[in-house]
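Visitor: Dropping in data_4.cif, which is mmCIF, N, CA and C atoms:
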```cif
data_model
#
loop_
_atom_site.label_atom_id
_atom_site.label_comp_id
_atom_site.auth_asym_id
_atom_site.auth_seq_id
_atom_site.Cartn_x
_atom_site.Cartn_y
_atom_site.Cartn_z
N VAL A 184 8.99 -9.04 10.52
CA VAL A 184 7.88 -8.20 10.89
C VAL A 184 6.59 -8.81 10.34
N GLN A 185 5.52 -8.74 11.12
CA GLN A 185 4.21 -9.23 10.68
C GLN A 185 3.32 -8.03 10.36
N LEU A 186 2.62 -8.12 9.24
CA LEU A 186 1.77 -7.02 8.78
C LEU A 186 0.31 -7.45 8.78
N GLN A 187 -0.56 -6.57 9.26
CA GLN A 187 -1.99 -6.84 9.32
C GLN A 187 -2.74 -5.68 8.69
N ALA A 188 -3.33 -5.93 7.52
CA ALA A 188 -4.10 -4.90 6.82
C ALA A 188 -5.56 -4.94 7.24
N SER A 189 -6.18 -3.78 7.26
CA SER A 189 -7.60 -3.68 7.62
C SER A 189 -8.19 -2.44 6.97
N GLY A 190 -9.51 -2.31 7.08
CA GLY A 190 -10.18 -1.12 6.60
C GLY A 190 -10.92 -1.27 5.29
N GLY A 191 -10.81 -2.43 4.66
CA GLY A 191 -11.53 -2.64 3.42
C GLY A 191 -13.03 -2.73 3.64
N GLY A 192 -13.76 -2.72 2.54
CA GLY A 192 -15.21 -2.81 2.62
C GLY A 192 -15.85 -2.54 1.29
N VAL A 193 -17.16 -2.31 1.33
CA VAL A 193 -17.93 -2.01 0.13
C VAL A 193 -18.33 -0.54 0.17
N VAL A 194 -18.08 0.16 -0.92
CA VAL A 194 -18.37 1.58 -0.98
C VAL A 194 -18.89 1.92 -2.38
N GLN A 195 -19.71 2.93 -2.47
CA GLN A 195 -20.20 3.36 -3.78
C GLN A 195 -19.14 4.19 -4.50
N ALA A 196 -19.23 4.20 -5.79
CA ALA A 196 -18.32 5.02 -6.59
C ALA A 196 -18.38 6.46 -6.11
N GLY A 197 -17.20 7.08 -6.02
CA GLY A 197 -17.11 8.44 -5.51
C GLY A 197 -16.87 8.51 -4.02
N GLY A 198 -16.99 7.40 -3.34
CA GLY A 198 -16.80 7.35 -1.90
C GLY A 198 -15.34 7.23 -1.51
N SER A 199 -15.12 7.08 -0.20
CA SER A 199 -13.78 7.03 0.35
C SER A 199 -13.64 5.86 1.33
N LEU A 200 -12.41 5.38 1.44
CA LEU A 200 -12.04 4.39 2.45
C LEU A 200 -10.63 4.70 2.90
N ARG A 201 -10.31 4.34 4.13
CA ARG A 201 -8.93 4.43 4.60
C ARG A 201 -8.47 3.06 5.05
N LEU A 202 -7.45 2.57 4.40
CA LEU A 202 -6.86 1.29 4.77
C LEU A 202 -5.73 1.53 5.77
N SER A 203 -5.59 0.59 6.67
CA SER A 203 -4.50 0.63 7.65
C SER A 203 -3.71 -0.66 7.57
N CYS A 204 -2.44 -0.56 7.87
CA CYS A 204 -1.59 -1.74 7.93
C CYS A 204 -0.72 -1.61 9.18
N ALA A 205 -0.97 -2.44 10.14
CA ALA A 205 -0.23 -2.39 11.40
C ALA A 205 0.86 -3.44 11.41
N ALA A 206 2.01 -3.07 11.92
CA ALA A 206 3.14 -3.97 11.97
C ALA A 206 3.42 -4.40 13.41
N SER A 207 3.84 -5.61 13.56
CA SER A 207 4.24 -6.11 14.87
C SER A 207 5.52 -6.89 14.72
N GLY A 208 6.23 -7.01 15.78
CA GLY A 208 7.46 -7.78 15.75
C GLY A 208 8.70 -6.92 15.74
N ARG A 209 8.66 -5.81 15.02
CA ARG A 209 9.82 -4.92 14.99
C ARG A 209 9.33 -3.50 14.82
N THR A 210 10.18 -2.55 15.18
CA THR A 210 9.81 -1.16 14.98
C THR A 210 9.68 -0.86 13.51
N PHE A 211 8.71 -0.04 13.20
CA PHE A 211 8.35 0.26 11.83
C PHE A 211 9.23 1.30 11.18
N SER A 212 9.90 2.09 11.98
CA SER A 212 10.53 3.31 11.48
C SER A 212 11.62 3.05 10.45
N GLY A 213 12.21 1.88 10.46
CA GLY A 213 13.30 1.58 9.55
C GLY A 213 12.87 0.87 8.28
N TYR A 214 11.57 0.83 7.99
CA TYR A 214 11.07 0.07 6.86
C TYR A 214 10.49 0.96 5.77
N PHE A 215 10.77 0.57 4.53
CA PHE A 215 10.10 1.14 3.37
C PHE A 215 8.78 0.39 3.19
N LEU A 216 7.72 1.11 2.87
CA LEU A 216 6.39 0.53 2.89
C LEU A 216 5.67 0.74 1.56
N GLY A 217 4.92 -0.27 1.17
CA GLY A 217 4.19 -0.16 -0.09
C GLY A 217 2.80 -0.73 0.02
N TRP A 218 1.93 -0.31 -0.91
CA TRP A 218 0.60 -0.87 -1.08
C TRP A 218 0.49 -1.40 -2.50
N PHE A 219 -0.07 -2.58 -2.62
CA PHE A 219 -0.34 -3.20 -3.90
C PHE A 219 -1.79 -3.66 -3.91
N ARG A 220 -2.30 -3.96 -5.10
CA ARG A 220 -3.65 -4.50 -5.19
C ARG A 220 -3.71 -5.55 -6.28
N GLN A 221 -4.67 -6.45 -6.09
CA GLN A 221 -4.85 -7.53 -7.05
C GLN A 221 -6.33 -7.74 -7.32
N ALA A 222 -6.71 -7.48 -8.55
CA ALA A 222 -8.09 -7.70 -8.98
C ALA A 222 -8.23 -9.14 -9.48
N PRO A 223 -9.45 -9.68 -9.50
CA PRO A 223 -9.65 -11.06 -9.96
C PRO A 223 -9.09 -11.28 -11.35
N GLY A 224 -8.29 -12.31 -11.51
CA GLY A 224 -7.75 -12.66 -12.81
C GLY A 224 -6.58 -11.80 -13.26
N LYS A 225 -6.12 -10.90 -12.41
CA LYS A 225 -5.02 -10.01 -12.78
C LYS A 225 -3.84 -10.18 -11.82
N GLU A 226 -2.70 -9.69 -12.26
CA GLU A 226 -1.52 -9.75 -11.42
C GLU A 226 -1.59 -8.67 -10.33
N ARG A 227 -0.85 -8.92 -9.28
CA ARG A 227 -0.75 -7.92 -8.23
C ARG A 227 0.03 -6.71 -8.76
N GLN A 228 -0.53 -5.52 -8.58
CA GLN A 228 0.09 -4.32 -9.14
C GLN A 228 0.35 -3.28 -8.06
N PHE A 229 1.30 -2.44 -8.35
CA PHE A 229 1.71 -1.38 -7.44
C PHE A 229 0.62 -0.32 -7.33
N VAL A 230 0.45 0.22 -6.11
CA VAL A 230 -0.48 1.32 -5.88
C VAL A 230 0.27 2.54 -5.35
N ALA A 231 1.03 2.36 -4.26
CA ALA A 231 1.71 3.49 -3.64
C ALA A 231 2.83 2.98 -2.74
N ALA A 232 3.81 3.87 -2.47
CA ALA A 232 4.91 3.52 -1.58
C ALA A 232 5.37 4.76 -0.85
N ILE A 233 6.03 4.54 0.29
CA ILE A 233 6.54 5.66 1.08
C ILE A 233 7.90 5.28 1.65
N ARG A 234 8.84 6.21 1.49
CA ARG A 234 10.18 6.01 2.01
C ARG A 234 10.25 6.36 3.51
N LEU A 235 11.43 6.14 4.08
CA LEU A 235 11.65 6.48 5.49
C LEU A 235 11.47 7.98 5.72
N ASN A 236 11.87 8.80 4.74
CA ASN A 236 11.80 10.25 4.92
C ASN A 236 10.44 10.82 4.53
N GLY A 237 9.50 9.94 4.18
CA GLY A 237 8.15 10.39 3.84
C GLY A 237 7.92 10.66 2.37
N THR A 238 8.93 10.53 1.53
CA THR A 238 8.74 10.67 0.09
C THR A 238 7.78 9.59 -0.39
N THR A 239 6.82 9.99 -1.22
CA THR A 239 5.79 9.07 -1.67
C THR A 239 5.81 8.86 -3.18
N TYR A 240 5.29 7.73 -3.61
CA TYR A 240 5.19 7.37 -5.02
C TYR A 240 3.82 6.76 -5.26
N TYR A 241 3.27 7.02 -6.45
CA TYR A 241 1.94 6.52 -6.77
C TYR A 241 1.88 5.98 -8.18
N GLU A 242 1.05 4.99 -8.35
CA GLU A 242 0.70 4.52 -9.69
C GLU A 242 -0.14 5.60 -10.35
N ASP A 243 0.00 5.76 -11.65
CA ASP A 243 -0.62 6.91 -12.33
C ASP A 243 -2.13 6.98 -12.11
N SER A 244 -2.81 5.86 -12.11
CA SER A 244 -4.27 5.89 -12.06
C SER A 244 -4.82 6.33 -10.69
N VAL A 245 -3.98 6.36 -9.68
CA VAL A 245 -4.46 6.75 -8.35
C VAL A 245 -3.92 8.11 -7.91
N LYS A 246 -3.04 8.70 -8.69
CA LYS A 246 -2.49 10.01 -8.33
C LYS A 246 -3.62 11.03 -8.20
N GLY A 247 -3.55 11.80 -7.12
CA GLY A 247 -4.57 12.81 -6.87
C GLY A 247 -5.79 12.28 -6.14
N ARG A 248 -5.92 10.94 -6.04
CA ARG A 248 -7.07 10.34 -5.35
C ARG A 248 -6.64 9.59 -4.09
N PHE A 249 -5.48 8.97 -4.13
CA PHE A 249 -5.00 8.17 -3.00
C PHE A 249 -3.83 8.88 -2.33
N THR A 250 -3.72 8.70 -1.02
CA THR A 250 -2.61 9.26 -0.26
C THR A 250 -2.06 8.20 0.70
N VAL A 251 -0.77 7.95 0.60
CA VAL A 251 -0.11 7.03 1.52
C VAL A 251 0.60 7.84 2.60
N SER A 252 0.51 7.36 3.83
CA SER A 252 1.17 8.04 4.94
C SER A 252 1.59 7.00 5.97
N ARG A 253 2.44 7.41 6.88
CA ARG A 253 2.91 6.48 7.90
C ARG A 253 2.95 7.16 9.26
N ASP A 254 2.70 6.39 10.29
CA ASP A 254 2.81 6.86 11.66
C ASP A 254 3.74 5.88 12.37
N ASN A 255 5.01 6.25 12.46
CA ASN A 255 5.99 5.33 13.02
C ASN A 255 5.73 5.05 14.50
N ALA A 256 5.17 6.00 15.19
CA ALA A 256 4.89 5.81 16.62
C ALA A 256 3.83 4.72 16.82
N LYS A 257 2.94 4.59 15.84
CA LYS A 257 1.88 3.57 15.92
C LYS A 257 2.21 2.34 15.09
N ASN A 258 3.39 2.33 14.47
CA ASN A 258 3.77 1.19 13.61
C ASN A 258 2.70 0.91 12.57
N THR A 259 2.20 1.95 11.94
CA THR A 259 1.09 1.80 11.00
C THR A 259 1.32 2.64 9.75
N VAL A 260 0.96 2.06 8.62
CA VAL A 260 0.93 2.79 7.35
C VAL A 260 -0.51 2.84 6.89
N TYR A 261 -0.88 3.96 6.26
CA TYR A 261 -2.26 4.18 5.84
C TYR A 261 -2.33 4.39 4.33
N LEU A 262 -3.49 4.08 3.79
CA LEU A 262 -3.79 4.43 2.40
C LEU A 262 -5.17 5.06 2.39
N GLN A 263 -5.21 6.37 2.25
CA GLN A 263 -6.47 7.10 2.14
C GLN A 263 -6.89 7.09 0.68
N MET A 264 -8.07 6.56 0.43
CA MET A 264 -8.56 6.42 -0.94
C MET A 264 -9.83 7.24 -1.10
N ASN A 265 -9.76 8.25 -1.97
CA ASN A 265 -10.91 9.12 -2.24
C ASN A 265 -11.34 8.96 -3.70
N SER A 266 -12.52 9.44 -3.99
CA SER A 266 -13.06 9.39 -5.36
C SER A 266 -12.91 7.99 -5.95
N LEU A 267 -13.30 7.01 -5.20
CA LEU A 267 -13.12 5.63 -5.63
C LEU A 267 -13.94 5.31 -6.87
N LYS A 268 -13.38 4.44 -7.70
CA LYS A 268 -13.99 4.02 -8.95
C LYS A 268 -14.18 2.51 -8.92
N PRO A 269 -15.11 1.98 -9.70
CA PRO A 269 -15.28 0.52 -9.76
C PRO A 269 -13.99 -0.21 -10.11
N GLU A 270 -13.15 0.40 -10.93
CA GLU A 270 -11.89 -0.26 -11.31
C GLU A 270 -10.87 -0.31 -10.17
N ASP A 271 -11.17 0.33 -9.05
CA ASP A 271 -10.31 0.21 -7.87
C ASP A 271 -10.63 -1.05 -7.06
N THR A 272 -11.67 -1.76 -7.45
CA THR A 272 -12.04 -2.99 -6.75
C THR A 272 -10.91 -4.01 -6.84
N ALA A 273 -10.47 -4.49 -5.68
CA ALA A 273 -9.35 -5.44 -5.62
C ALA A 273 -9.11 -5.82 -4.16
N VAL A 274 -8.25 -6.79 -3.99
CA VAL A 274 -7.69 -7.06 -2.66
C VAL A 274 -6.44 -6.22 -2.52
N TYR A 275 -6.35 -5.46 -1.45
CA TYR A 275 -5.23 -4.56 -1.24
C TYR A 275 -4.27 -5.16 -0.21
N TYR A 276 -2.99 -5.13 -0.55
CA TYR A 276 -1.95 -5.70 0.29
C TYR A 276 -0.94 -4.62 0.70
N CYS A 277 -0.49 -4.67 1.93
CA CYS A 277 0.63 -3.83 2.33
C CYS A 277 1.90 -4.68 2.33
N ALA A 278 3.03 -4.01 2.15
CA ALA A 278 4.30 -4.70 2.05
C ALA A 278 5.39 -3.85 2.69
N ALA A 279 6.47 -4.51 3.10
CA ALA A 279 7.55 -3.79 3.77
C ALA A 279 8.91 -4.36 3.40
N ARG A 280 9.90 -3.47 3.45
CA ARG A 280 11.29 -3.87 3.23
C ARG A 280 12.14 -3.03 4.14
N GLN A 281 13.15 -3.67 4.76
CA GLN A 281 13.92 -2.95 5.78
C GLN A 281 15.03 -2.10 5.21
N PHE A 282 15.83 -2.61 4.33
CA PHE A 282 16.96 -1.86 3.80
C PHE A 282 16.76 -1.70 2.29
N TYR A 283 16.88 -0.46 1.83
CA TYR A 283 16.68 -0.21 0.39
C TYR A 283 17.38 1.07 0.02
N SER A 284 18.18 0.99 -1.00
CA SER A 284 18.92 2.17 -1.45
C SER A 284 18.68 2.46 -2.92
N GLY A 285 17.67 1.84 -3.49
CA GLY A 285 17.40 1.99 -4.90
C GLY A 285 16.49 3.16 -5.23
N SER A 286 16.00 3.14 -6.45
CA SER A 286 15.19 4.24 -6.97
C SER A 286 13.73 4.11 -6.54
N GLY A 287 12.98 5.16 -6.83
CA GLY A 287 11.56 5.11 -6.57
C GLY A 287 10.88 4.05 -7.43
N TYR A 288 11.39 3.85 -8.62
CA TYR A 288 10.83 2.82 -9.49
C TYR A 288 10.93 1.45 -8.82
N GLY A 289 12.04 1.20 -8.15
CA GLY A 289 12.22 -0.09 -7.48
C GLY A 289 11.18 -0.36 -6.42
N LEU A 290 10.69 0.71 -5.81
CA LEU A 290 9.66 0.54 -4.78
C LEU A 290 8.32 0.16 -5.37
N SER A 291 8.18 0.21 -6.68
CA SER A 291 6.94 -0.20 -7.34
C SER A 291 6.96 -1.67 -7.74
N LEU A 292 8.04 -2.35 -7.46
CA LEU A 292 8.18 -3.75 -7.88
C LEU A 292 7.88 -4.69 -6.72
N ARG A 293 7.09 -5.73 -6.99
CA ARG A 293 6.73 -6.68 -5.94
C ARG A 293 7.95 -7.35 -5.32
N ASP A 294 8.93 -7.66 -6.13
CA ASP A 294 10.10 -8.40 -5.66
C ASP A 294 10.98 -7.58 -4.72
N THR A 295 10.75 -6.27 -4.66
CA THR A 295 11.53 -5.43 -3.75
C THR A 295 11.21 -5.72 -2.29
N TYR A 296 9.98 -6.18 -2.02
CA TYR A 296 9.49 -6.28 -0.65
C TYR A 296 9.70 -7.68 -0.07
N ASP A 297 10.03 -7.70 1.21
CA ASP A 297 10.29 -8.96 1.90
C ASP A 297 9.11 -9.44 2.73
N TYR A 298 8.24 -8.53 3.14
CA TYR A 298 7.15 -8.88 4.04
C TYR A 298 5.83 -8.39 3.44
N TRP A 299 4.80 -9.23 3.60
CA TRP A 299 3.48 -8.93 3.04
C TRP A 299 2.40 -9.18 4.08
N GLY A 300 1.37 -8.32 4.05
CA GLY A 300 0.20 -8.55 4.86
C GLY A 300 -0.76 -9.50 4.15
N GLN A 301 -1.86 -9.81 4.79
CA GLN A 301 -2.78 -10.82 4.28
C GLN A 301 -3.79 -10.28 3.28
N GLY A 302 -3.90 -8.99 3.13
CA GLY A 302 -4.83 -8.41 2.17
C GLY A 302 -6.17 -8.05 2.78
N THR A 303 -6.77 -7.00 2.25
CA THR A 303 -8.10 -6.58 2.66
C THR A 303 -8.89 -6.23 1.39
N GLN A 304 -10.13 -6.69 1.33
CA GLN A 304 -10.94 -6.54 0.12
C GLN A 304 -11.58 -5.15 0.06
N VAL A 305 -11.44 -4.52 -1.09
CA VAL A 305 -12.12 -3.25 -1.38
C VAL A 305 -13.02 -3.47 -2.58
N THR A 306 -14.29 -3.19 -2.42
CA THR A 306 -15.26 -3.33 -3.50
C THR A 306 -15.95 -1.99 -3.71
N VAL A 307 -15.87 -1.49 -4.94
CA VAL A 307 -16.50 -0.22 -5.28
C VAL A 307 -17.64 -0.50 -6.25
N SER A 308 -18.84 -0.16 -5.84
CA SER A 308 -20.02 -0.42 -6.67
C SER A 308 -20.34 0.81 -7.50
N SER A 309 -20.86 0.56 -8.69
CA SER A 309 -21.19 1.69 -9.60
C SER A 309 -22.60 2.17 -9.39
#
```
Just dump the structure as structure tokens.
Guide:
Amino acid sequence: VQLQASGGGVVQAGGSLRLSCAASGRTFSGYFLGWFRQAPGKERQFVAAIRLNGTTYYEDSVKGRFTVSRDNAKNTVYLQMNSLKPEDTAVYYCAARQFYSGSGYGLSLRDTYDYWGQGTQVTVSS
């Protein structure tokens, strides 16, 4: 499956953005989906994930501000980001894995995912 992330941009602190990740090549409905981000000089870190049944997981710093959702009919996963902070500035990546029977913790690990999008830049100004 090929993933294409979009929706990044420059926003002031307190603002909102919605990222999209569209998949092509295979139907999306059978994939576990995640969002990660990478700030300059830092490792890529987990942001959010969503199971096939819609169960969601979030990194602590984004809980209550970010929402991950999926639209299988459109082969798209979304990341709604509200109350953005300067520390949210990073390149955001979407990721996918087809078969997974592990824990929610496992969905927070980069190595769990087989497919990655190209990333979209989010910059939050103070």
Visitor: So that I can check the surroundings of Gly197 (chain A), please list as a list in words every protein, DNA and RNA residue that reaches within 8 Å of it, counting only C-alpha atoms and ignoring chain neighbours fewer than 6 positions away.
Guide: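 Final neighbour list, sorted by chain and number: Asn265, Ser266, Leu267 and Lys268 of chain A.
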Visitor: Run the PyMOL selection byres (((chain A and resi 304 and name CA) around 7) and name CA) against the file shown and list the residues it catches, as a PyMOL selection string.
Guide: chain A and resi 191-192+273-275+302-303+305-306
Visitor: Would you write out those residues with N, CA and C atoms, as a PDB file, keeping the file's coordinate frame?
Guide:
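Below you can see part_24.pdb, which holds the result:
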```
ATOM      1  N   GLY A 191     -10.810  -2.430   4.660  1.00  0.00           N
ATOM      2  CA  GLY A 191     -11.530  -2.640   3.420  1.00  0.00           C
ATOM      3  C   GLY A 191     -13.030  -2.730   3.640  1.00  0.00           C
ATOM      4  N   GLY A 192     -13.760  -2.720   2.540  1.00  0.00           N
ATOM      5  CA  GLY A 192     -15.210  -2.810   2.620  1.00  0.00           C
ATOM      6  C   GLY A 192     -15.850  -2.540   1.290  1.00  0.00           C
ATOM      7  N   ALA A 273     -10.470  -4.490  -5.680  1.00  0.00           N
ATOM      8  CA  ALA A 273      -9.350  -5.440  -5.620  1.00  0.00           C
ATOM      9  C   ALA A 273      -9.110  -5.820  -4.160  1.00  0.00           C
ATOM     10  N   VAL A 274      -8.250  -6.790  -3.990  1.00  0.00           N
ATOM     11  CA  VAL A 274      -7.690  -7.060  -2.660  1.00  0.00           C
ATOM     12  C   VAL A 274      -6.440  -6.220  -2.520  1.00  0.00           C
ATOM     13  N   TYR A 275      -6.350  -5.460  -1.450  1.00  0.00           N
ATOM     14  CA  TYR A 275      -5.230  -4.560  -1.240  1.00  0.00           C
ATOM     15  C   TYR A 275      -4.270  -5.160  -0.210  1.00  0.00           C
ATOM     16  N   GLY A 302      -3.900  -8.990   3.130  1.00  0.00           N
ATOM     17  CA  GLY A 302      -4.830  -8.410   2.170  1.00  0.00           C
ATOM     18  C   GLY A 302      -6.170  -8.050   2.780  1.00  0.00           C
ATOM     19  N   THR A 303      -6.770  -7.000   2.250  1.00  0.00           N
ATOM     20  CA  THR A 303      -8.100  -6.580   2.660  1.00  0.00           C
ATOM     21  C   THR A 303      -8.890  -6.230   1.390  1.00  0.00           C
ATOM     22  N   VAL A 305     -11.440  -4.520  -1.090  1.00  0.00           N
ATOM     23  CA  VAL A 305     -12.120  -3.250  -1.380  1.00  0.00           C
ATOM     24  C   VAL A 305     -13.020  -3.470  -2.580  1.00  0.00           C
ATOM     25  N   THR A 306     -14.290  -3.190  -2.420  1.00  0.00           N
ATOM     26  CA  THR A 306     -15.260  -3.330  -3.500  1.00  0.00           C
ATOM     27  C   THR A 306     -15.950  -1.990  -3.710  1.00  0.00           C
TER      28      THR A 306
END
```
Visitor: Find the residues around Leu186 (chain A) up to 7 Å (only C-alpha atoms counted), leave out those fewer than 4 positions away in its own chain, and share them as a compact mmCIF listing (two decimals) with N, CA and C atoms, in the frame of the given file.
Guide:
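Everything below was put into result07.txt:
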```
# COMPACT_ATOMS: atom_id res chain seq x y z
N CYS A 204 -2.44 -0.56 7.87
CA CYS A 204 -1.59 -1.74 7.93
C CYS A 204 -0.72 -1.61 9.18
N ALA A 205 -0.97 -2.44 10.14
CA ALA A 205 -0.23 -2.39 11.40
C ALA A 205 0.86 -3.44 11.41
N ALA A 206 2.01 -3.07 11.92
CA ALA A 206 3.14 -3.97 11.97
C ALA A 206 3.42 -4.40 13.41
N SER A 207 3.84 -5.61 13.56
CA SER A 207 4.24 -6.11 14.87
C SER A 207 5.52 -6.89 14.72
N TRP A 299 4.80 -9.23 3.60
CA TRP A 299 3.48 -8.93 3.04
C TRP A 299 2.40 -9.18 4.08
N GLY A 300 1.37 -8.32 4.05
CA GLY A 300 0.20 -8.55 4.86
C GLY A 300 -0.76 -9.50 4.15
```
Visitor: Measure the distance from CA of Tyr283 (chain A) to atom N of Asn236 (chain A) in Å and round it to one decimal.
Guide: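 Separation of CA of Tyr283 (chain A) and atom N of Asn236 (chain A): 11.1 Å.
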Visitor: Give as a ChimeraX atom specification each residue that has an atom at most 5 Å from (-18.7, 1.9, -7.2) in the file, counting only N, CA and C atoms.
Guide: /A:194-196,268-269,307-309
Visitor: Mind the document's chain letters and residue numbers, and return as a PyMOL selection string the residues of region 214-299 of chain A that DSSP labels strand (DSSP E or B).
Guide: chain A and resi 215-221+228-233+239-241+249-254+259-264+273-280+298-299
Visitor: List the residues matched by the PyMOL selection byres (((chain A and resi 209-219 and name CA) around 8) and name CA) in the displayed structure as a ChimeraX atom specification, ordered by chain and then by residue number.
Guide: /A:184,206-208,220-221,227-235,255,258-260,262,275-283,290-291
Visitor: Rank nothing, just name the residue among A:Ala256, A:Ala222, A:Leu292, A:Val251 nearest to Leu202 (chain A), using only C-alpha atoms.
Guide: A:Val251
Visitor: Please indicate the distance in Å from CA of Asp294 (chain A) to CA of Met264 (chain A), rounded to one decimal place.
Guide: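 One can read the CA of Asp294 (chain A) to CA of Met264 (chain A) distance as 24.3 Å.
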Visitor: Enter the distance from CA of Tyr298 (chain A) to CA of Gly198 (chain A), in Å, rounded to one decimal.
Guide: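 So the answer is 29.5 Å.
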Visitor: I need the residue nearest Tyr261 (chain A) from this list: A:Phe249, A:Gly285, A:Val193, A:Asp243. Use only C-alpha atoms for the distance.
Guide: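 Of A:Phe249, A:Gly285, A:Val193, A:Asp243, the one nearest Tyr261 (chain A) is A:Phe249, counting only C-alpha atoms.
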Visitor: Select from chain A everything DSSP, run on the backbone, classes as helix (DSSP H, G or I), then give the selection as a ChimeraX atom specification.
Guide: /A:243-245,255-257,269-271,288-291,293-295
Visitor: Working from the structure I just supplied, which lacks atoms in region 238-251 of chain A, can you model N, CA, C and O atoms there and output them as a PDB file, in the frame of the given file?
Guide:
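Saved as selection06.pdb:
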```pdb
ATOM      1  N   THR A 238       8.930  10.530   1.530  1.00  0.00           N
ATOM      2  CA  THR A 238       8.740  10.670   0.090  1.00  0.00           C
ATOM      3  C   THR A 238       7.780   9.590  -0.390  1.00  0.00           C
ATOM      4  O   THR A 238       7.917   8.423  -0.027  1.00  0.00           O
ATOM      5  N   THR A 239       6.820   9.990  -1.220  1.00  0.00           N
ATOM      6  CA  THR A 239       5.790   9.070  -1.670  1.00  0.00           C
ATOM      7  C   THR A 239       5.810   8.860  -3.180  1.00  0.00           C
ATOM      8  O   THR A 239       6.288   9.732  -3.935  1.00  0.00           O
ATOM      9  N   TYR A 240       5.290   7.730  -3.610  1.00  0.00           N
ATOM     10  CA  TYR A 240       5.190   7.370  -5.020  1.00  0.00           C
ATOM     11  C   TYR A 240       3.820   6.760  -5.260  1.00  0.00           C
ATOM     12  O   TYR A 240       3.299   6.066  -4.382  1.00  0.00           O
ATOM     13  N   TYR A 241       3.270   7.020  -6.450  1.00  0.00           N
ATOM     14  CA  TYR A 241       1.940   6.520  -6.770  1.00  0.00           C
ATOM     15  C   TYR A 241       1.880   5.980  -8.180  1.00  0.00           C
ATOM     16  O   TYR A 241       2.549   6.480  -9.095  1.00  0.00           O
ATOM     17  N   GLU A 242       1.050   4.990  -8.350  1.00  0.00           N
ATOM     18  CA  GLU A 242       0.700   4.520  -9.690  1.00  0.00           C
ATOM     19  C   GLU A 242      -0.140   5.600 -10.350  1.00  0.00           C
ATOM     20  O   GLU A 242      -0.930   6.283  -9.673  1.00  0.00           O
ATOM     21  N   ASP A 243       0.000   5.760 -11.650  1.00  0.00           N
ATOM     22  CA  ASP A 243      -0.620   6.910 -12.330  1.00  0.00           C
ATOM     23  C   ASP A 243      -2.130   6.980 -12.110  1.00  0.00           C
ATOM     24  O   ASP A 243      -2.685   8.078 -11.955  1.00  0.00           O
ATOM     25  N   SER A 244      -2.810   5.860 -12.110  1.00  0.00           N
ATOM     26  CA  SER A 244      -4.270   5.890 -12.060  1.00  0.00           C
ATOM     27  C   SER A 244      -4.820   6.330 -10.690  1.00  0.00           C
ATOM     28  O   SER A 244      -6.005   6.643 -10.584  1.00  0.00           O
ATOM     29  N   VAL A 245      -3.980   6.360  -9.680  1.00  0.00           N
ATOM     30  CA  VAL A 245      -4.460   6.750  -8.350  1.00  0.00           C
ATOM     31  C   VAL A 245      -3.920   8.110  -7.910  1.00  0.00           C
ATOM     32  O   VAL A 245      -4.323   8.614  -6.852  1.00  0.00           O
ATOM     33  N   LYS A 246      -3.040   8.700  -8.690  1.00  0.00           N
ATOM     34  CA  LYS A 246      -2.490  10.010  -8.330  1.00  0.00           C
ATOM     35  C   LYS A 246      -3.620  11.030  -8.200  1.00  0.00           C
ATOM     36  O   LYS A 246      -4.512  11.109  -9.034  1.00  0.00           O
ATOM     37  N   GLY A 247      -3.550  11.800  -7.120  1.00  0.00           N
ATOM     38  CA  GLY A 247      -4.570  12.810  -6.870  1.00  0.00           C
ATOM     39  C   GLY A 247      -5.790  12.280  -6.140  1.00  0.00           C
ATOM     40  O   GLY A 247      -6.624  13.062  -5.688  1.00  0.00           O
ATOM     41  N   ARG A 248      -5.920  10.940  -6.040  1.00  0.00           N
ATOM     42  CA  ARG A 248      -7.070  10.340  -5.350  1.00  0.00           C
ATOM     43  C   ARG A 248      -6.640   9.590  -4.090  1.00  0.00           C
ATOM     44  O   ARG A 248      -7.362   9.579  -3.099  1.00  0.00           O
ATOM     45  N   PHE A 249      -5.480   8.970  -4.130  1.00  0.00           N
ATOM     46  CA  PHE A 249      -5.000   8.170  -3.000  1.00  0.00           C
ATOM     47  C   PHE A 249      -3.830   8.880  -2.330  1.00  0.00           C
ATOM     48  O   PHE A 249      -3.032   9.556  -2.988  1.00  0.00           O
ATOM     49  N   THR A 250      -3.720   8.700  -1.020  1.00  0.00           N
ATOM     50  CA  THR A 250      -2.610   9.260  -0.260  1.00  0.00           C
ATOM     51  C   THR A 250      -2.060   8.200   0.700  1.00  0.00           C
ATOM     52  O   THR A 250      -2.817   7.652   1.508  1.00  0.00           O
ATOM     53  N   VAL A 251      -0.770   7.950   0.600  1.00  0.00           N
ATOM     54  CA  VAL A 251      -0.110   7.030   1.520  1.00  0.00           C
ATOM     55  C   VAL A 251       0.600   7.840   2.600  1.00  0.00           C
ATOM     56  O   VAL A 251       1.187   8.890   2.320  1.00  0.00           O
TER      57      VAL A 251
END
```
